[in-house]
Structure formats: C-alpha cells, structure tokens
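J.: My structure file query_14.pdb, PDB, N, CA and C atoms, pLDDT in the B column, is below:
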```pdb
ATOM      1  N   ASN Z 688      32.411  21.648 -51.760  1.00 73.00           N
ATOM      2  CA  ASN Z 688      31.458  20.838 -52.496  1.00 73.00           C
ATOM      3  C   ASN Z 688      30.085  21.483 -52.418  1.00 73.00           C
ATOM      4  N   VAL Z 689      29.301  21.229 -53.412  1.00 82.00           N
ATOM      5  CA  VAL Z 689      27.945  21.755 -53.469  1.00 82.00           C
ATOM      6  C   VAL Z 689      26.998  20.577 -53.614  1.00 82.00           C
ATOM      7  N   LEU Z 690      25.920  20.606 -52.859  1.00 90.00           N
ATOM      8  CA  LEU Z 690      24.920  19.552 -52.928  1.00 90.00           C
ATOM      9  C   LEU Z 690      23.589  20.190 -53.294  1.00 90.00           C
ATOM     10  N   VAL Z 691      22.956  19.698 -54.338  1.00 94.00           N
ATOM     11  CA  VAL Z 691      21.662  20.206 -54.780  1.00 94.00           C
ATOM     12  C   VAL Z 691      20.676  19.047 -54.749  1.00 94.00           C
ATOM     13  N   LEU Z 692      19.547  19.263 -54.075  1.00 95.00           N
ATOM     14  CA  LEU Z 692      18.524  18.223 -53.971  1.00 95.00           C
ATOM     15  C   LEU Z 692      17.229  18.724 -54.605  1.00 95.00           C
ATOM     16  N   PRO Z 693      16.675  17.970 -55.533  1.00 94.00           N
ATOM     17  CA  PRO Z 693      15.429  18.390 -56.186  1.00 94.00           C
ATOM     18  C   PRO Z 693      14.227  18.157 -55.262  1.00 94.00           C
ATOM     19  N   GLY Z 694      13.635  19.226 -54.778  1.00 90.00           N
ATOM     20  CA  GLY Z 694      12.535  19.142 -53.830  1.00 90.00           C
ATOM     21  C   GLY Z 694      11.295  18.438 -54.350  1.00 90.00           C
ATOM     22  N   ARG Z 695      11.101  18.443 -55.651  1.00 94.00           N
ATOM     23  CA  ARG Z 695       9.910  17.785 -56.208  1.00 94.00           C
ATOM     24  C   ARG Z 695      10.084  16.276 -56.337  1.00 94.00           C
ATOM     25  N   PHE Z 696      11.304  15.784 -56.208  1.00 95.00           N
ATOM     26  CA  PHE Z 696      11.561  14.365 -56.449  1.00 95.00           C
ATOM     27  C   PHE Z 696      12.073  13.617 -55.227  1.00 95.00           C
ATOM     28  N   ILE Z 697      12.481  14.347 -54.183  1.00 95.00           N
ATOM     29  CA  ILE Z 697      13.026  13.716 -52.980  1.00 95.00           C
ATOM     30  C   ILE Z 697      12.220  14.193 -51.774  1.00 95.00           C
ATOM     31  N   ASP Z 698      11.711  13.240 -50.984  1.00 96.00           N
ATOM     32  CA  ASP Z 698      10.946  13.629 -49.796  1.00 96.00           C
ATOM     33  C   ASP Z 698      11.904  14.075 -48.682  1.00 96.00           C
ATOM     34  N   ASN Z 699      11.348  14.679 -47.635  1.00 95.00           N
ATOM     35  CA  ASN Z 699      12.170  15.233 -46.550  1.00 95.00           C
ATOM     36  C   ASN Z 699      13.025  14.180 -45.865  1.00 95.00           C
ATOM     37  N   LYS Z 700      12.477  13.007 -45.634  1.00 97.00           N
ATOM     38  CA  LYS Z 700      13.217  11.947 -44.946  1.00 97.00           C
ATOM     39  C   LYS Z 700      14.447  11.537 -45.760  1.00 97.00           C
ATOM     40  N   THR Z 701      14.277  11.379 -47.055  1.00 97.00           N
ATOM     41  CA  THR Z 701      15.392  11.011 -47.928  1.00 97.00           C
ATOM     42  C   THR Z 701      16.413  12.142 -47.996  1.00 97.00           C
ATOM     43  N   ALA Z 702      15.935  13.379 -48.084  1.00 96.00           N
ATOM     44  CA  ALA Z 702      16.837  14.533 -48.127  1.00 96.00           C
ATOM     45  C   ALA Z 702      17.673  14.614 -46.851  1.00 96.00           C
ATOM     46  N   GLU Z 703      17.056  14.369 -45.700  1.00 96.00           N
ATOM     47  CA  GLU Z 703      17.794  14.382 -44.437  1.00 96.00           C
ATOM     48  C   GLU Z 703      18.856  13.293 -44.408  1.00 96.00           C
ATOM     49  N   ALA Z 704      18.536  12.113 -44.919  1.00 97.00           N
ATOM     50  CA  ALA Z 704      19.511  11.019 -44.960  1.00 97.00           C
ATOM     51  C   ALA Z 704      20.687  11.373 -45.867  1.00 97.00           C
ATOM     52  N   ILE Z 705      20.396  11.997 -46.993  1.00 96.00           N
ATOM     53  CA  ILE Z 705      21.456  12.416 -47.919  1.00 96.00           C
ATOM     54  C   ILE Z 705      22.334  13.472 -47.255  1.00 96.00           C
ATOM     55  N   LEU Z 706      21.721  14.454 -46.595  1.00 95.00           N
ATOM     56  CA  LEU Z 706      22.487  15.498 -45.906  1.00 95.00           C
ATOM     57  C   LEU Z 706      23.344  14.930 -44.783  1.00 95.00           C
ATOM     58  N   ASP Z 707      22.788  13.999 -44.018  1.00 96.00           N
ATOM     59  CA  ASP Z 707      23.565  13.373 -42.944  1.00 96.00           C
ATOM     60  C   ASP Z 707      24.823  12.718 -43.501  1.00 96.00           C
ATOM     61  N   GLU Z 708      24.679  12.001 -44.588  1.00 95.00           N
ATOM     62  CA  GLU Z 708      25.830  11.333 -45.204  1.00 95.00           C
ATOM     63  C   GLU Z 708      26.805  12.345 -45.796  1.00 95.00           C
ATOM     64  N   PHE Z 709      26.286  13.383 -46.422  1.00 93.00           N
ATOM     65  CA  PHE Z 709      27.128  14.422 -47.020  1.00 93.00           C
ATOM     66  C   PHE Z 709      27.999  15.091 -45.959  1.00 93.00           C
ATOM     67  N   PHE Z 710      27.395  15.459 -44.820  1.00 92.00           N
ATOM     68  CA  PHE Z 710      28.147  16.139 -43.763  1.00 92.00           C
ATOM     69  C   PHE Z 710      29.054  15.195 -42.981  1.00 92.00           C
ATOM     70  N   ALA Z 711      28.749  13.911 -42.982  1.00 94.00           N
ATOM     71  CA  ALA Z 711      29.575  12.938 -42.258  1.00 94.00           C
ATOM     72  C   ALA Z 711      30.792  12.493 -43.065  1.00 94.00           C
ATOM     73  N   THR Z 712      30.786  12.768 -44.362  1.00 90.00           N
ATOM     74  CA  THR Z 712      31.885  12.345 -45.223  1.00 90.00           C
ATOM     75  C   THR Z 712      33.094  13.248 -45.007  1.00 90.00           C
ATOM     76  N   THR Z 713      34.249  12.636 -44.818  1.00 86.00           N
ATOM     77  CA  THR Z 713      35.483  13.375 -44.581  1.00 86.00           C
ATOM     78  C   THR Z 713      36.025  13.961 -45.878  1.00 86.00           C
ATOM     79  N   PHE Z 714      36.473  15.208 -45.784  1.00 81.00           N
ATOM     80  CA  PHE Z 714      37.093  15.867 -46.936  1.00 81.00           C
ATOM     81  C   PHE Z 714      38.417  15.174 -47.233  1.00 81.00           C
ATOM     82  N   GLU Z 715      38.608  14.756 -48.464  1.00 82.00           N
ATOM     83  CA  GLU Z 715      39.803  14.006 -48.841  1.00 82.00           C
ATOM     84  C   GLU Z 715      40.966  14.896 -49.259  1.00 82.00           C
ATOM     85  N   GLY Z 716      40.742  16.185 -49.326  1.00 81.00           N
ATOM     86  CA  GLY Z 716      41.832  17.085 -49.712  1.00 81.00           C
ATOM     87  C   GLY Z 716      41.993  17.136 -51.213  1.00 81.00           C
ATOM     88  N   GLY Z 717      43.097  16.645 -51.688  1.00 85.00           N
ATOM     89  CA  GLY Z 717      43.329  16.636 -53.120  1.00 85.00           C
ATOM     90  C   GLY Z 717      43.849  17.962 -53.625  1.00 85.00           C
ATOM     91  N   ARG Z 718      43.674  18.200 -54.887  1.00 86.00           N
ATOM     92  CA  ARG Z 718      44.292  19.358 -55.533  1.00 86.00           C
ATOM     93  C   ARG Z 718      43.710  20.701 -55.110  1.00 86.00           C
ATOM     94  N   HIS Z 719      42.541  20.708 -54.466  1.00 84.00           N
ATOM     95  CA  HIS Z 719      41.917  21.974 -54.064  1.00 84.00           C
ATOM     96  C   HIS Z 719      42.138  22.313 -52.590  1.00 84.00           C
ATOM     97  N   GLU Z 720      42.832  21.454 -51.872  1.00 87.00           N
ATOM     98  CA  GLU Z 720      42.975  21.644 -50.425  1.00 87.00           C
ATOM     99  C   GLU Z 720      43.597  22.994 -50.066  1.00 87.00           C
ATOM    100  N   ARG Z 721      44.606  23.427 -50.788  1.00 88.00           N
ATOM    101  CA  ARG Z 721      45.266  24.701 -50.501  1.00 88.00           C
ATOM    102  C   ARG Z 721      44.269  25.860 -50.601  1.00 88.00           C
ATOM    103  N   ARG Z 722      43.430  25.824 -51.626  1.00 87.00           N
ATOM    104  CA  ARG Z 722      42.438  26.895 -51.812  1.00 87.00           C
ATOM    105  C   ARG Z 722      41.347  26.844 -50.751  1.00 87.00           C
ATOM    106  N   VAL Z 723      40.940  25.640 -50.391  1.00 84.00           N
ATOM    107  CA  VAL Z 723      39.889  25.490 -49.383  1.00 84.00           C
ATOM    108  C   VAL Z 723      40.358  26.056 -48.046  1.00 84.00           C
ATOM    109  N   LYS Z 724      41.624  25.877 -47.722  1.00 87.00           N
ATOM    110  CA  LYS Z 724      42.161  26.394 -46.460  1.00 87.00           C
ATOM    111  C   LYS Z 724      42.132  27.921 -46.402  1.00 87.00           C
ATOM    112  N   LYS Z 725      42.043  28.581 -47.529  1.00 89.00           N
ATOM    113  CA  LYS Z 725      42.000  30.043 -47.575  1.00 89.00           C
ATOM    114  C   LYS Z 725      40.601  30.601 -47.301  1.00 89.00           C
ATOM    115  N   ILE Z 726      39.590  29.755 -47.296  1.00 87.00           N
ATOM    116  CA  ILE Z 726      38.214  30.195 -47.075  1.00 87.00           C
ATOM    117  C   ILE Z 726      38.024  30.498 -45.587  1.00 87.00           C
ATOM    118  N   PRO Z 727      37.633  31.737 -45.252  1.00 89.00           N
ATOM    119  CA  PRO Z 727      37.432  32.070 -43.836  1.00 89.00           C
ATOM    120  C   PRO Z 727      36.187  31.358 -43.292  1.00 89.00           C
ATOM    121  N   VAL Z 728      36.348  30.730 -42.144  1.00 84.00           N
ATOM    122  CA  VAL Z 728      35.248  29.993 -41.524  1.00 84.00           C
ATOM    123  C   VAL Z 728      35.104  30.470 -40.086  1.00 84.00           C
ATOM    124  N   GLN Z 729      33.880  30.824 -39.709  1.00 73.00           N
ATOM    125  CA  GLN Z 729      33.624  31.207 -38.321  1.00 73.00           C
ATOM    126  C   GLN Z 729      33.470  29.952 -37.494  1.00 73.00           C
ATOM    127  N   LYS Z 730      34.084  29.958 -36.315  1.00 68.00           N
ATOM    128  CA  LYS Z 730      33.969  28.793 -35.419  1.00 68.00           C
ATOM    129  C   LYS Z 730      33.403  29.212 -34.096  1.00 68.00           C
TER
END
```
Write the structure described by the file as structure tokens, please.
T.:
Amino acid sequence: NVLVLPGRFIDNKTAEAILDEFFATTFEGGRHERRVKKIPVQK
C-alpha cells in the first residue's frame, strides 16, 4: 500500500495520527498476498 499526505493541508500532529493508524492496520491479504510475499524485507 502507498500512503500520500499533502503537507500543505495536513499538520504534523494529524499526519502522525494517520501514520499510526496506517501502520497499525493489519494486512488483509487478498489477491495480492502471493506477490507481496515475494518482496524481500530486511528484519
């Protein structure tokens, strides 16, 4: 998923709240799950 926040319209506090919710949301899988699993991720 991609998240784009317009810096001229959203203050830092609101942007942080949006990011917190975005990162806390669980990936539901769906039709792209197989492809997402192929993405190399450093841990």
J.: In Å, with one decimal, what is the gap from atom CA of Arg722 of chain Z to atom CA of Val689 of chain Z?
T.: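 Taking atom CA of Arg722 of chain Z and atom CA of Val689 of chain Z, their separation equals 15.5 Å.
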J.: Could you please write out, as a PyMOL selection string, every residue of segment 700-730 of chain Z that DSSP assigns to helix (DSSP H, G or I)?
T.: chain Z and resi 700-711+717-724
J.: Record the distance separating atom CA of Arg721 of chain Z and atom C of Val691 of chain Z, expressed in Å with one decimal.
T.: 25.6 Å
J.: Can you tell me how far atom CA of Leu692 of chain Z sits from atom N of Ala711 of chain Z, in Å to one decimal?
T.: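 Interatomic distance, atom CA of Leu692 of chain Z to atom N of Ala711 of chain Z: 15.6 Å.
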J.: Tell me which of Z:Arg718, Z:Gln729, Z:Lys724, Z:Leu690 sits closest to Ile705 of chain Z, counting only C-alpha atoms.
T.: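 Nearest to Ile705 of chain Z: Z:Leu690.
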